[in-house]
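Below is target.cif, holding mmCIF, C-alpha atoms.
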data_data
#
loop_
_atom_site.label_atom_id
_atom_site.label_comp_id
_atom_site.auth_asym_id
_atom_site.auth_seq_id
_atom_site.Cartn_x
_atom_site.Cartn_y
_atom_site.Cartn_z
CA MET P 1 8.33 30.17 5.03
CA SER P 2 7.27 26.52 5.04
CA GLN P 3 8.81 24.07 7.50
CA PRO P 4 10.23 20.63 6.64
CA TYR P 5 7.48 18.90 8.63
CA GLU P 6 4.91 20.27 6.16
CA LEU P 7 6.36 18.33 3.22
CA THR P 8 4.64 15.33 1.72
CA VAL P 9 6.56 12.08 1.23
CA ALA P 10 7.13 12.80 -2.46
CA GLN P 11 8.25 16.37 -1.80
CA ALA P 12 10.66 15.36 0.96
CA ALA P 13 12.12 12.49 -1.05
CA HIS P 14 12.68 14.78 -4.05
CA GLN P 15 14.35 17.50 -2.00
CA ILE P 16 16.61 15.00 -0.25
CA LYS P 17 17.56 13.51 -3.61
CA ASP P 18 18.54 16.90 -5.06
CA LYS P 19 20.35 17.73 -1.79
CA SER P 20 18.22 20.77 -0.98
CA LEU P 21 16.91 19.12 2.20
CA SER P 22 18.87 17.43 4.95
CA PRO P 23 17.35 14.22 6.36
CA VAL P 24 18.59 15.37 9.77
CA ASP P 25 16.76 18.69 9.45
CA LEU P 26 13.60 16.87 8.35
CA ALA P 27 13.76 14.41 11.24
CA GLN P 28 14.46 17.16 13.76
CA SER P 29 11.58 19.24 12.40
CA LEU P 30 9.17 16.32 12.88
CA LEU P 31 10.47 15.57 16.38
CA ASP P 32 10.03 19.24 17.31
CA ARG P 33 6.53 19.15 15.87
CA ILE P 34 5.72 16.11 18.01
CA ASP P 35 7.08 17.87 21.10
CA ALA P 36 4.88 20.88 20.36
CA THR P 37 1.63 19.00 19.71
CA ASP P 38 1.52 15.49 21.09
CA LYS P 39 1.04 16.25 24.75
CA ASP P 40 -2.52 17.25 23.84
CA LEU P 41 -3.14 14.79 20.98
CA GLN P 42 -1.54 11.59 22.35
CA ALA P 43 -0.96 10.16 18.88
CA TRP P 44 2.49 8.71 19.59
CA VAL P 45 3.46 6.07 22.14
CA THR P 46 7.13 5.16 21.52
CA ILE P 47 9.87 7.26 19.90
CA ASP P 48 13.63 6.69 20.15
CA ARG P 49 14.92 10.16 19.28
CA GLU P 50 18.56 9.14 19.37
CA GLU P 51 17.92 6.29 16.94
CA VAL P 52 15.85 8.53 14.63
CA LEU P 53 18.52 11.21 14.42
CA GLY P 54 21.30 8.63 14.07
CA SER P 55 19.50 7.01 11.14
CA ALA P 56 18.84 10.44 9.61
CA LYS P 57 22.55 11.28 9.80
CA GLN P 58 23.40 8.00 8.09
CA ARG P 59 20.85 8.67 5.31
CA GLU P 60 22.28 12.19 4.94
CA ASP P 61 25.82 10.90 4.54
CA GLU P 62 24.63 8.37 1.96
CA ALA P 63 22.75 11.05 0.04
CA GLN P 64 25.80 13.28 -0.03
CA ARG P 65 27.80 10.40 -1.51
CA GLY P 66 25.08 9.76 -4.11
CA GLU P 67 24.18 6.42 -2.52
CA ALA P 68 20.43 6.81 -2.05
CA LYS P 69 18.83 3.49 -1.13
CA GLY P 70 15.40 3.91 -2.69
CA LEU P 71 12.14 5.83 -3.00
CA LEU P 72 11.97 6.79 0.70
CA HIS P 73 15.60 7.73 1.24
CA GLY P 74 15.80 9.91 4.35
CA VAL P 75 12.01 10.14 4.83
CA PRO P 76 10.59 9.26 8.28
CA VAL P 77 7.56 6.95 8.47
CA GLY P 78 5.33 6.18 11.45
CA LEU P 79 4.09 2.72 12.45
CA LYS P 80 0.91 1.66 14.17
CA ASP P 81 1.99 -0.04 17.39
CA ILE P 82 1.18 -3.53 16.11
CA PHE P 83 4.14 -3.70 13.70
CA TYR P 84 7.09 -5.68 14.98
CA THR P 85 10.27 -3.64 15.35
CA GLU P 86 13.45 -5.35 16.42
CA GLY P 87 14.52 -4.05 19.83
CA MET P 88 11.60 -1.58 20.12
CA LYS P 89 8.53 -2.33 22.20
CA THR P 90 5.37 -3.35 20.35
CA ALA P 91 2.62 -3.14 22.97
CA ALA P 92 -0.43 -3.26 20.65
CA GLY P 93 -2.18 -0.86 23.02
CA SER P 94 -2.67 -3.63 25.58
CA LYS P 95 -1.62 -4.66 29.07
CA VAL P 96 -1.20 -8.16 27.66
CA TYR P 97 1.72 -7.05 25.43
CA ALA P 98 2.92 -4.24 27.69
CA ASP P 99 6.53 -5.48 27.80
CA PHE P 100 6.77 -7.24 24.44
CA VAL P 101 9.93 -6.42 22.48
CA PRO P 102 10.14 -8.25 19.11
CA LYS P 103 13.35 -9.89 17.95
CA PHE P 104 12.79 -9.03 14.29
CA ASP P 105 11.19 -6.42 12.04
CA ALA P 106 7.87 -6.90 10.28
CA THR P 107 8.35 -7.38 6.53
CA SER P 108 6.78 -3.98 5.85
CA VAL P 109 9.23 -2.36 8.27
CA THR P 110 12.13 -4.08 6.52
CA LYS P 111 10.89 -2.79 3.16
CA ILE P 112 10.70 0.77 4.47
CA LYS P 113 14.28 0.56 5.68
CA GLU P 114 15.46 -1.03 2.43
CA ALA P 115 13.93 1.92 0.57
CA GLY P 116 15.96 4.31 2.74
CA GLY P 117 13.11 5.24 5.05
CA ILE P 118 13.51 6.04 8.74
CA ILE P 119 11.21 4.61 11.40
CA LEU P 120 10.07 7.69 13.32
CA GLY P 121 8.26 5.74 16.02
CA LYS P 122 5.14 3.90 17.10
CA ALA P 123 1.71 5.52 16.87
CA VAL P 124 -1.11 4.72 19.28
CA THR P 125 -3.49 1.89 18.37
CA THR P 126 -6.71 0.78 19.96
CA GLU P 127 -6.18 -2.42 21.94
CA PHE P 128 -5.05 -5.14 19.53
CA ALA P 129 -6.46 -3.03 16.68
CA THR P 130 -10.08 -3.66 17.69
CA SER P 131 -12.95 -1.56 19.09
CA ASP P 132 -11.91 -0.41 22.56
CA PRO P 133 -11.09 3.30 22.04
CA SER P 134 -7.56 4.68 22.33
CA PRO P 135 -6.50 7.79 24.30
CA THR P 136 -5.78 9.73 21.08
CA TYR P 137 -7.73 12.94 20.44
CA ASN P 138 -9.32 14.11 17.20
CA PRO P 139 -7.41 17.29 16.23
CA TRP P 140 -10.49 18.78 14.58
CA ASN P 141 -12.51 18.64 17.78
CA PHE P 142 -11.34 17.01 21.01
CA GLU P 143 -14.90 15.94 21.88
CA HIS P 144 -15.14 13.71 18.79
CA THR P 145 -13.55 10.32 18.18
CA PRO P 146 -10.42 10.21 16.00
CA GLY P 147 -11.61 6.84 14.73
CA GLY P 148 -9.83 3.56 15.04
CA SER P 149 -8.14 1.35 15.22
CA SER P 150 -5.35 3.31 13.45
CA SER P 151 -6.14 6.38 15.53
CA GLY P 152 -2.59 7.52 16.31
CA SER P 153 -1.34 6.95 12.76
CA SER P 154 -4.19 9.00 11.28
CA VAL P 155 -3.88 11.88 13.73
CA ALA P 156 -0.09 11.95 13.31
CA VAL P 157 -0.44 12.36 9.54
CA ALA P 158 -3.28 14.89 9.80
CA THR P 159 -1.30 17.11 12.18
CA LYS P 160 1.92 16.84 10.15
CA THR P 161 4.03 15.07 12.73
CA VAL P 162 4.83 12.56 9.99
CA ALA P 163 4.02 12.48 6.26
CA ALA P 164 3.15 8.78 6.12
CA ALA P 165 2.17 6.15 8.64
CA LEU P 166 1.18 2.51 8.45
CA GLY P 167 -2.10 1.30 9.84
CA SER P 168 -4.13 -1.86 9.45
CA GLN P 169 -7.70 -2.72 8.45
CA THR P 170 -9.79 -5.71 9.47
CA GLY P 171 -13.10 -3.86 9.21
CA GLY P 172 -12.54 -0.14 8.66
CA SER P 173 -9.47 0.66 10.72
CA THR P 174 -7.49 2.59 8.09
CA CYS P 175 -10.04 4.25 5.83
CA ARG P 176 -12.49 5.28 8.56
CA PRO P 177 -9.97 7.24 10.70
CA ALA P 178 -8.55 8.69 7.49
CA ALA P 179 -12.03 10.07 6.73
CA TYR P 180 -12.50 11.39 10.27
CA ASN P 181 -9.15 13.21 10.20
CA GLY P 182 -9.22 14.63 6.67
CA ILE P 183 -6.42 12.59 5.07
CA VAL P 184 -5.98 9.94 2.38
CA GLY P 185 -6.28 6.27 3.32
CA LEU P 186 -5.43 3.29 1.10
CA LYS P 187 -6.37 -0.33 1.68
CA ALA P 188 -4.80 -2.32 -1.14
CA THR P 189 -5.88 -5.71 -2.46
CA TYR P 190 -5.80 -8.46 0.18
CA GLY P 191 -2.29 -9.91 0.23
CA ARG P 192 -0.65 -7.06 -1.68
CA ILE P 193 1.33 -5.99 1.40
CA SER P 194 2.79 -8.65 3.69
CA ARG P 195 1.32 -8.93 7.19
CA TYR P 196 4.24 -10.94 8.54
CA GLY P 197 5.29 -9.42 11.84
CA VAL P 198 2.00 -7.54 12.34
CA VAL P 199 -0.03 -8.53 15.41
CA PRO P 200 -3.16 -10.08 13.87
CA VAL P 201 -6.83 -9.60 14.52
CA SER P 202 -8.09 -11.94 11.80
CA TRP P 203 -5.74 -13.69 9.38
CA SER P 204 -8.19 -13.87 6.50
CA LEU P 205 -9.37 -10.26 6.87
CA ASP P 206 -6.31 -8.26 7.97
CA HIS P 207 -4.76 -5.74 5.57
CA VAL P 208 -1.83 -3.38 6.07
CA GLY P 209 -3.11 0.17 5.51
CA ILE P 210 -1.42 3.35 4.27
CA LEU P 211 -2.19 6.80 5.74
CA VAL P 212 -0.88 9.88 3.92
CA ARG P 213 -2.00 13.35 2.80
CA THR P 214 -1.98 12.86 -0.99
CA VAL P 215 -2.82 10.12 -3.47
CA GLU P 216 0.70 10.41 -4.91
CA ASP P 217 2.14 9.52 -1.51
CA ALA P 218 -0.24 6.54 -1.26
CA ALA P 219 1.10 5.21 -4.57
CA LEU P 220 4.68 5.80 -3.54
CA MET P 221 4.22 3.95 -0.25
CA LEU P 222 2.41 1.08 -1.98
CA GLN P 223 5.31 0.76 -4.42
CA VAL P 224 7.72 0.38 -1.52
CA LEU P 225 5.61 -1.99 0.56
CA SER P 226 4.30 -4.41 -2.08
CA GLY P 227 5.77 -7.78 -2.94
CA HIS P 228 5.42 -11.50 -2.30
CA ASP P 229 6.50 -12.74 1.12
CA GLU P 230 6.84 -16.46 1.73
CA ASN P 231 6.27 -15.79 5.44
CA ASP P 232 2.71 -14.60 4.74
CA PRO P 233 0.47 -17.40 3.39
CA GLY P 234 -1.95 -14.82 1.97
CA SER P 235 0.74 -12.90 0.10
CA ILE P 236 0.17 -12.25 -3.61
CA THR P 237 2.69 -13.97 -5.87
CA GLY P 238 4.11 -12.52 -9.08
CA PRO P 239 5.92 -9.30 -9.92
CA VAL P 240 4.96 -5.95 -8.39
CA PRO P 241 3.34 -3.59 -10.90
CA ASP P 242 4.69 -0.09 -11.46
CA PHE P 243 1.92 1.63 -9.53
CA LEU P 244 3.29 5.11 -10.12
CA ALA P 245 3.30 4.60 -13.89
CA GLN P 246 -0.17 3.03 -13.82
CA MET P 247 -1.46 5.92 -11.73
CA ALA P 248 -0.17 8.41 -14.28
CA GLU P 249 -1.73 6.39 -17.12
CA HIS P 250 -5.18 6.37 -15.51
CA ASN P 251 -5.14 9.98 -14.28
CA ARG P 252 -7.89 11.04 -16.72
CA PRO P 253 -11.67 11.53 -16.67
CA PRO P 254 -13.05 8.19 -15.45
CA ARG P 255 -16.33 6.29 -15.55
CA ILE P 256 -17.51 6.28 -11.93
CA GLY P 257 -20.29 4.18 -10.42
CA LEU P 258 -22.31 5.85 -7.66
CA VAL P 259 -23.94 3.38 -5.26
CA ARG P 260 -27.16 4.82 -3.85
CA GLU P 261 -28.67 1.60 -2.48
CA TYR P 262 -27.86 1.04 1.23
CA TYR P 263 -25.48 4.03 1.41
CA GLU P 264 -28.15 6.72 1.04
CA GLU P 265 -30.35 5.08 3.67
CA LYS P 266 -27.53 4.60 6.17
CA SER P 267 -25.93 8.04 5.70
CA THR P 268 -27.05 11.21 7.41
CA PRO P 269 -28.87 13.61 5.04
CA GLU P 270 -25.87 15.93 5.16
CA MET P 271 -23.41 13.18 4.23
CA TRP P 272 -25.49 11.80 1.37
CA SER P 273 -26.18 15.29 -0.02
CA HIS P 274 -22.46 15.98 0.13
CA THR P 275 -21.68 12.75 -1.73
CA GLU P 276 -24.14 13.65 -4.49
CA GLN P 277 -22.55 17.09 -4.75
CA VAL P 278 -19.11 15.46 -5.07
CA ALA P 279 -20.42 13.21 -7.86
CA GLN P 280 -21.91 16.24 -9.63
CA LYS P 281 -18.62 18.12 -9.36
CA LEU P 282 -16.70 15.17 -10.80
CA ALA P 283 -19.21 14.92 -13.64
CA ALA P 284 -18.81 18.64 -14.35
CA ALA P 285 -15.04 18.07 -14.55
CA GLY P 286 -15.46 15.40 -17.20
CA ALA P 287 -16.22 12.13 -15.40
CA GLU P 288 -19.06 9.89 -16.53
CA VAL P 289 -21.15 9.08 -13.43
CA VAL P 290 -23.61 6.19 -13.50
CA GLU P 291 -25.63 4.51 -10.75
CA LEU P 292 -24.91 0.90 -9.82
CA LYS P 293 -27.03 -1.71 -8.07
CA LEU P 294 -25.54 -3.79 -5.27
CA PRO P 295 -25.46 -7.60 -5.55
CA ALA P 296 -28.05 -9.46 -3.47
CA ILE P 297 -25.37 -11.05 -1.27
CA PHE P 298 -24.44 -7.60 0.05
CA ARG P 299 -27.14 -8.06 2.70
CA SER P 300 -25.02 -10.73 4.42
CA VAL P 301 -21.59 -9.12 4.22
CA HIS P 302 -21.49 -7.43 7.63
CA SER P 303 -22.66 -10.49 9.57
CA ALA P 304 -20.18 -12.74 7.77
CA GLN P 305 -17.32 -10.35 8.46
CA ARG P 306 -18.16 -10.15 12.17
CA ILE P 307 -18.32 -13.96 12.52
CA VAL P 308 -14.96 -14.48 10.81
CA MET P 309 -13.27 -11.69 12.74
CA ASN P 310 -14.50 -12.87 16.15
CA VAL P 311 -13.57 -16.52 15.54
CA GLU P 312 -10.09 -15.78 14.23
CA CYS P 313 -9.44 -13.20 16.95
CA ALA P 314 -10.47 -15.78 19.56
CA SER P 315 -8.13 -18.32 18.01
CA PHE P 316 -5.13 -15.99 18.23
CA HIS P 317 -5.82 -14.85 21.79
CA GLU P 318 -7.11 -18.12 23.23
CA GLU P 319 -4.01 -18.98 25.27
CA ASN P 320 -3.64 -15.50 26.80
CA HIS P 321 -7.38 -15.34 27.44
CA LEU P 322 -7.10 -18.41 29.68
CA THR P 323 -4.72 -16.65 32.06
CA GLN P 324 -5.18 -12.90 31.45
CA ALA P 325 -8.81 -12.40 30.48
CA GLU P 326 -9.15 -9.53 32.94
CA ASP P 327 -6.32 -7.64 31.21
CA TYR P 328 -8.28 -7.30 27.96
CA GLY P 329 -10.60 -4.37 27.27
CA PRO P 330 -14.34 -5.10 27.42
CA ARG P 331 -15.01 -4.96 23.67
CA ILE P 332 -12.18 -7.13 22.44
CA ARG P 333 -12.88 -9.60 25.24
CA SER P 334 -16.57 -9.72 24.35
CA GLY P 335 -15.77 -10.22 20.67
CA MET P 336 -13.35 -13.07 21.21
CA GLU P 337 -15.68 -14.76 23.71
CA MET P 338 -18.48 -14.60 21.15
CA GLY P 339 -16.05 -16.11 18.65
CA MET P 340 -15.45 -19.03 20.98
CA LEU P 341 -19.16 -19.88 20.79
CA VAL P 342 -19.41 -19.94 16.97
CA SER P 343 -19.56 -23.40 15.44
CA ALA P 344 -17.17 -24.51 12.70
CA THR P 345 -20.18 -24.86 10.40
CA LYS P 346 -21.21 -21.21 10.85
CA TYR P 347 -17.63 -20.05 10.41
CA LEU P 348 -17.25 -21.94 7.13
CA GLN P 349 -20.59 -20.64 5.90
CA ALA P 350 -19.40 -17.09 6.60
CA GLN P 351 -16.23 -17.74 4.62
CA ARG P 352 -18.27 -19.08 1.68
CA LEU P 353 -20.38 -15.90 1.73
CA ARG P 354 -17.19 -13.83 1.58
CA ARG P 355 -15.97 -15.69 -1.50
CA GLN P 356 -19.29 -15.13 -3.23
CA LEU P 357 -19.20 -11.46 -2.24
CA ARG P 358 -15.80 -11.06 -3.85
CA HIS P 359 -17.11 -12.55 -7.09
CA ASP P 360 -20.36 -10.55 -7.16
CA LEU P 361 -18.79 -7.26 -6.05
CA SER P 362 -16.09 -7.67 -8.69
CA GLU P 363 -18.77 -8.02 -11.37
CA MET P 364 -20.37 -4.79 -10.18
CA VAL P 365 -17.09 -2.87 -9.99
CA GLY P 366 -16.02 -4.19 -13.39
CA GLN P 367 -18.70 -2.05 -15.06
CA VAL P 368 -16.80 1.16 -14.21
CA ASP P 369 -13.32 2.51 -13.53
CA ALA P 370 -14.13 3.00 -9.83
CA VAL P 371 -17.10 2.93 -7.47
CA ILE P 372 -17.88 5.93 -5.28
CA THR P 373 -19.72 5.97 -1.94
CA PRO P 374 -19.53 8.09 1.20
CA ALA P 375 -16.52 7.01 3.24
CA THR P 376 -18.56 7.00 6.46
CA PRO P 377 -22.25 7.40 7.34
CA ALA P 378 -21.45 10.69 9.11
CA PRO P 379 -18.46 12.76 10.23
CA ALA P 380 -16.64 11.67 13.38
CA PRO P 381 -19.19 11.10 16.18
CA LYS P 382 -19.18 13.33 19.24
CA ASP P 383 -18.27 10.39 21.46
CA ARG P 384 -14.76 9.45 22.54
CA ASN P 385 -16.00 6.05 23.72
CA THR P 386 -16.41 4.81 20.16
CA THR P 387 -14.15 4.34 17.16
CA GLY P 388 -17.01 5.08 14.77
CA ASP P 389 -19.02 3.16 12.19
CA ALA P 390 -17.00 0.86 9.92
CA SER P 391 -19.95 -0.43 7.89
CA PHE P 392 -18.99 1.41 4.68
CA GLN P 393 -15.48 -0.12 4.70
CA VAL P 394 -16.50 -3.68 5.61
CA PRO P 395 -17.56 -4.76 2.08
CA TRP P 396 -14.17 -3.78 0.65
CA THR P 397 -12.26 -5.38 3.49
CA SER P 398 -14.27 -8.59 3.52
CA SER P 399 -14.01 -9.01 -0.26
CA GLY P 400 -10.36 -7.99 -0.39
CA LEU P 401 -10.98 -5.39 -3.12
CA PRO P 402 -8.87 -2.21 -2.86
CA SER P 403 -10.30 1.11 -1.68
CA VAL P 404 -9.16 4.70 -1.20
CA THR P 405 -10.59 7.32 1.16
CA LEU P 406 -10.36 10.84 -0.23
CA PRO P 407 -11.04 14.08 1.72
CA SER P 408 -13.90 15.93 0.04
CA GLY P 409 -15.02 18.80 2.29
CA LEU P 410 -16.18 19.94 5.71
CA SER P 411 -19.47 19.41 7.51
CA GLU P 412 -21.60 22.22 8.94
CA ASP P 413 -19.83 21.55 12.25
CA GLY P 414 -16.40 21.96 10.65
CA LEU P 415 -15.50 18.27 10.64
CA PRO P 416 -13.89 16.41 7.70
CA MET P 417 -16.07 14.61 5.18
CA ALA P 418 -14.77 12.08 2.69
CA VAL P 419 -15.71 9.82 -0.19
CA GLN P 420 -14.59 6.25 -0.72
CA LEU P 421 -13.43 4.95 -4.09
CA GLY P 422 -13.25 1.21 -4.77
CA GLY P 423 -11.66 -0.79 -7.57
CA LEU P 424 -10.91 -4.30 -8.74
CA CYS P 425 -8.42 -6.66 -7.12
CA TYR P 426 -4.86 -6.26 -8.39
CA GLU P 427 -5.74 -2.96 -10.12
CA GLU P 428 -4.53 -0.51 -7.48
CA GLY P 429 -2.64 1.52 -10.10
CA LYS P 430 -5.87 2.22 -11.97
CA LEU P 431 -7.72 3.01 -8.72
CA LEU P 432 -4.95 5.39 -7.67
CA GLY P 433 -5.08 7.11 -11.07
CA VAL P 434 -8.83 7.65 -10.75
CA SER P 435 -8.34 8.83 -7.17
CA GLN P 436 -5.64 11.30 -8.18
CA TRP P 437 -7.87 12.66 -10.95
CA CYS P 438 -10.71 13.07 -8.43
CA GLU P 439 -8.33 14.65 -5.92
CA SER P 440 -7.38 17.28 -8.51
CA ALA P 441 -10.96 17.84 -9.69
CA LEU P 442 -12.21 18.36 -6.12
CA GLY P 443 -9.28 20.52 -5.05
CA VAL P 444 -9.81 19.74 -1.37
CA GLN P 445 -6.89 19.82 1.05
CA LEU P 446 -7.86 19.65 4.71
CA SER P 447 -5.83 20.57 7.77
CA PRO P 448 -7.05 20.92 11.39
CA PRO P 449 -7.26 24.69 12.13
CA ASN P 450 -5.08 24.53 15.23
CA TYR P 451 -2.51 22.23 13.62
CA SER P 452 -2.12 23.63 10.11
#
Take the structure in the file and write it out as structure tokens.
Amino acid sequence: MSQPYELTVAQAAHQIKDKSLSPVDLAQSLLDRIDATDKDLQAWVTIDREEVLGSAKQREDEAQRGEAKGLLHGVPVGLKDIFYTEGMKTAAGSKVYADFVPKFDATSVTKIKEAGGIILGKAVTTEFATSDPSPTYNPWNFEHTPGGSSSGSSVAVATKTVAAALGSQTGGSTCRPAAYNGIVGLKATYGRISRYGVVPVSWSLDHVGILVRTVEDAALMLQVLSGHDENDPGSITGPVPDFLAQMAEHNRPPRIGLVREYYEEKSTPEMWSHTEQVAQKLAAAGAEVVELKLPAIFRSVHSAQRIVMNVECASFHEENHLTQAEDYGPRIRSGMEMGMLVSATKYLQAQRLRRQLRHDLSEMVGQVDAVITPATPAPAPKDRNTTGDASFQVPWTSSGLPSVTLPSGLSEDGLPMAVQLGGLCYEEGKLLGVSQWCESALGVQLSPPNYS
């Protein structure tokens, strides 16, 4: 008999709505699951059990009265520990913020609550969502990195201690750990989800990320989280599309562009062979697969992203760096100190390159319904002192175009492998439809053997 903790977001929300599932039973099942697994995995950092169960009881009473608040009514959601939560510590994985308790909720947290969701707790992040590794373990193999910076959020979803968790992505911090842990990751268009109340790395690069186990859940979470926020200068204006309806509309055999250039060379032979096999399987299921050529400016994208990230990270942390430099991890400290040495001219040139990349990449993507590449150059490295290689995510993050990571199989060593699908800005519904079609055509559902 299946347990409540095994349910996806959509399944749990449906069962709560038809009163066949108690929000209290669901919350208790997840808390018990955390108790049974997290001592080894270290995916969670802060959980207020009394608050979780109290909120679940309130959602249960509302459901019984037919007063459901929204799409997430009674469903617990996890948060990367960089999201402000009123009255709950937000330490950002750092000594610098060790005792920081926000006085308000991040906009995304408010939206979850308005939709009837329950904040289950804070998941472990790498320090300030950068490159110094977290203590979290990869549930597929403890000797391998879980990825980062959304390490705790990804592992929590993969091991079914929560059905959905929020992450963030400045380089590859949502979609890379999703790939390493065998789950679905979504990075929407830049500005689609407000970043107000999220500890920043880089204002012009940061995205809120979604970590779930199905494409349907990614669409559902995006529906809840999207919307203009006057507190976020980068927030997209205008009405929120019906992503769920658009996903259904585009859930049909697509035209997919396979990018061989750069990705074949940088991938391991096993990963590239796997990606070609995925493309062949999608073609056999009815997709039209064509090869695309990268724009010339692609050669500069990774350097430009690194310059912008380091400068903006240095700007945010400058005051604390003056007095607490020794409290920062070596990699974030090195990055921000490099940022302090970059001239304004070089920074502006990097930003100009990013704008050109967005234009040129959009022209490439516009030839197809979605672009497909490997999600990562290789499965999770056997090295807990790294968060992995973000190079395959950087172009999508730097340009602001949306991308989805989709589990696609297992390596010879039994580690998750994944493909990455990219689409045009503001067309997440179409990208999600293509992703859901691919999800069905591939028929891959991954779960760590010891945590299934």
Evaluate the PyMOL selection byres ((chain P and resi 303) around 12) on the structure here and hand back the selected residues as a ChimeraX atom specification. /P:171,297-302,304-310,346-347,349-351,353-354,391,394-395,398
For those residues, write C-alpha atoms to a file as an mmCIF file, keeping the file's coordinate frame.
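Output file selection-v4.cif is given in full below:
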data_model
loop_
_atom_site.group_PDB
_atom_site.id
_atom_site.type_symbol
_atom_site.label_atom_id
_atom_site.label_comp_id
_atom_site.auth_asym_id
_atom_site.auth_seq_id
_atom_site.Cartn_x
_atom_site.Cartn_y
_atom_site.Cartn_z
ATOM 1 C CA GLY P 171 -13.100 -3.860 9.210
ATOM 2 C CA ILE P 297 -25.370 -11.050 -1.270
ATOM 3 C CA PHE P 298 -24.440 -7.600 0.050
ATOM 4 C CA ARG P 299 -27.140 -8.060 2.700
ATOM 5 C CA SER P 300 -25.020 -10.730 4.420
ATOM 6 C CA VAL P 301 -21.590 -9.120 4.220
ATOM 7 C CA HIS P 302 -21.490 -7.430 7.630
ATOM 8 C CA ALA P 304 -20.180 -12.740 7.770
ATOM 9 C CA GLN P 305 -17.320 -10.350 8.460
ATOM 10 C CA ARG P 306 -18.160 -10.150 12.170
ATOM 11 C CA ILE P 307 -18.320 -13.960 12.520
ATOM 12 C CA VAL P 308 -14.960 -14.480 10.810
ATOM 13 C CA MET P 309 -13.270 -11.690 12.740
ATOM 14 C CA ASN P 310 -14.500 -12.870 16.150
ATOM 15 C CA LYS P 346 -21.210 -21.210 10.850
ATOM 16 C CA TYR P 347 -17.630 -20.050 10.410
ATOM 17 C CA GLN P 349 -20.590 -20.640 5.900
ATOM 18 C CA ALA P 350 -19.400 -17.090 6.600
ATOM 19 C CA GLN P 351 -16.230 -17.740 4.620
ATOM 20 C CA LEU P 353 -20.380 -15.900 1.730
ATOM 21 C CA ARG P 354 -17.190 -13.830 1.580
ATOM 22 C CA SER P 391 -19.950 -0.430 7.890
ATOM 23 C CA VAL P 394 -16.500 -3.680 5.610
ATOM 24 C CA PRO P 395 -17.560 -4.760 2.080
ATOM 25 C CA SER P 398 -14.270 -8.590 3.520
#
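Using only C-alpha atoms, the nearest neighbour of Thr8 (chain P) within the list P:His321, P:Arg213, P:Arg65, P:Lys430 is P:Arg213.
If all atoms listed in the file are the atoms counted, then among P:Pro379, P:Gly409, P:Pro374, P:Pro102 the closest residue to His144 (chain P) is P:Pro379.
You will find CA of Thr275 (chain P) at 7.1 Å from CA of Thr373 (chain P).
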Selection in question (the file shown): the PyMOL selection byres ((chain P and resi 413) around 12). Which residues does it include, as a short mmCIF file (atom, residue, chain, number, x, y, z; two decimals) with C-alpha atoms, in the coordinates of the input?
data_model
loop_
_atom_site.label_atom_id
_atom_site.label_comp_id
_atom_site.auth_asym_id
_atom_site.auth_seq_id
_atom_site.Cartn_x
_atom_site.Cartn_y
_atom_site.Cartn_z
CA TRP P 140 -10.49 18.78 14.58
CA ASN P 141 -12.51 18.64 17.78
CA HIS P 144 -15.14 13.71 18.79
CA GLU P 270 -25.87 15.93 5.16
CA ALA P 378 -21.45 10.69 9.11
CA PRO P 379 -18.46 12.76 10.23
CA ALA P 380 -16.64 11.67 13.38
CA PRO P 381 -19.19 11.10 16.18
CA LYS P 382 -19.18 13.33 19.24
CA GLY P 409 -15.02 18.80 2.29
CA LEU P 410 -16.18 19.94 5.71
CA SER P 411 -19.47 19.41 7.51
CA GLU P 412 -21.60 22.22 8.94
CA GLY P 414 -16.40 21.96 10.65
CA LEU P 415 -15.50 18.27 10.64
CA PRO P 416 -13.89 16.41 7.70
CA MET P 417 -16.07 14.61 5.18
#
Name all residues at most 8 Å from Gly78 (chain P) (count only C-alpha atoms; drop same-chain ones fewer than 2 positions away) and give them as a VMD selection string. chain P and resid 76 80 119 to 123 153 162 164 to 166
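Here the PyMOL selection byres ((chain P and resi 145) around 10) catches exactly these residues: P:Pro133, P:Ser134, P:Pro135, P:Thr136, P:Tyr137, P:Asn138, P:Pro139, P:Trp140, P:Asn141, P:Phe142, P:Glu143, P:His144, P:Pro146, P:Gly147, P:Gly148, P:Ser151, P:Pro177, P:Tyr180, P:Asn181, P:Pro379, P:Ala380, P:Pro381, P:Lys382, P:Asp383, P:Arg384, P:Asn385, P:Thr386, P:Thr387, P:Gly388.
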If I take CA of Glu363 (chain P) and CA of Arg260 (chain P), how far is one from the other in Å, to one decimal? 17.1 Å
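Minimum distance to Ala129 (chain P) across P:Ile210, P:Val368, P:Ala27, P:Val201 (counting all atoms listed in the file) occurs at P:Val201.
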Would you compute, for all listed atoms of region 399-415 of chain P, the axis-aligned bounding box grown by 5 Å on each side, and then report its centre and edge lengths in Å rounded to one decimal, as JSON?
{"center_x": -15.2, "center_y": 6.6, "center_z": 4.6, "size_x": 22.7, "size_y": 41.2, "size_z": 25.4}
Nearby residues (only C-alpha atoms) at most 9 Å from Lys113 (chain P), same-chain spacing under 5 positions excluded, as JSON, numbers by chain: {"P": [69, 72, 73, 108, 118, 119]}
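Of the listed residues P:Thr110, P:Ser2, P:Ser435, P:Ser399, the one whose atoms come nearest to Met247 (chain P) is P:Ser435, with distances taken using all atoms listed in the file.
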Atomic distance CA of Arg176 (chain P) - CA of Glu6 (chain P), expressed in Å with one decimal: 23.1 Å
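For the set P:Thr405, P:Ser29, P:Thr376, P:Asn320, the residue with the smallest atom-to-atom gap to Gln3 (chain P) is P:Ser29, counting only C-alpha atoms.
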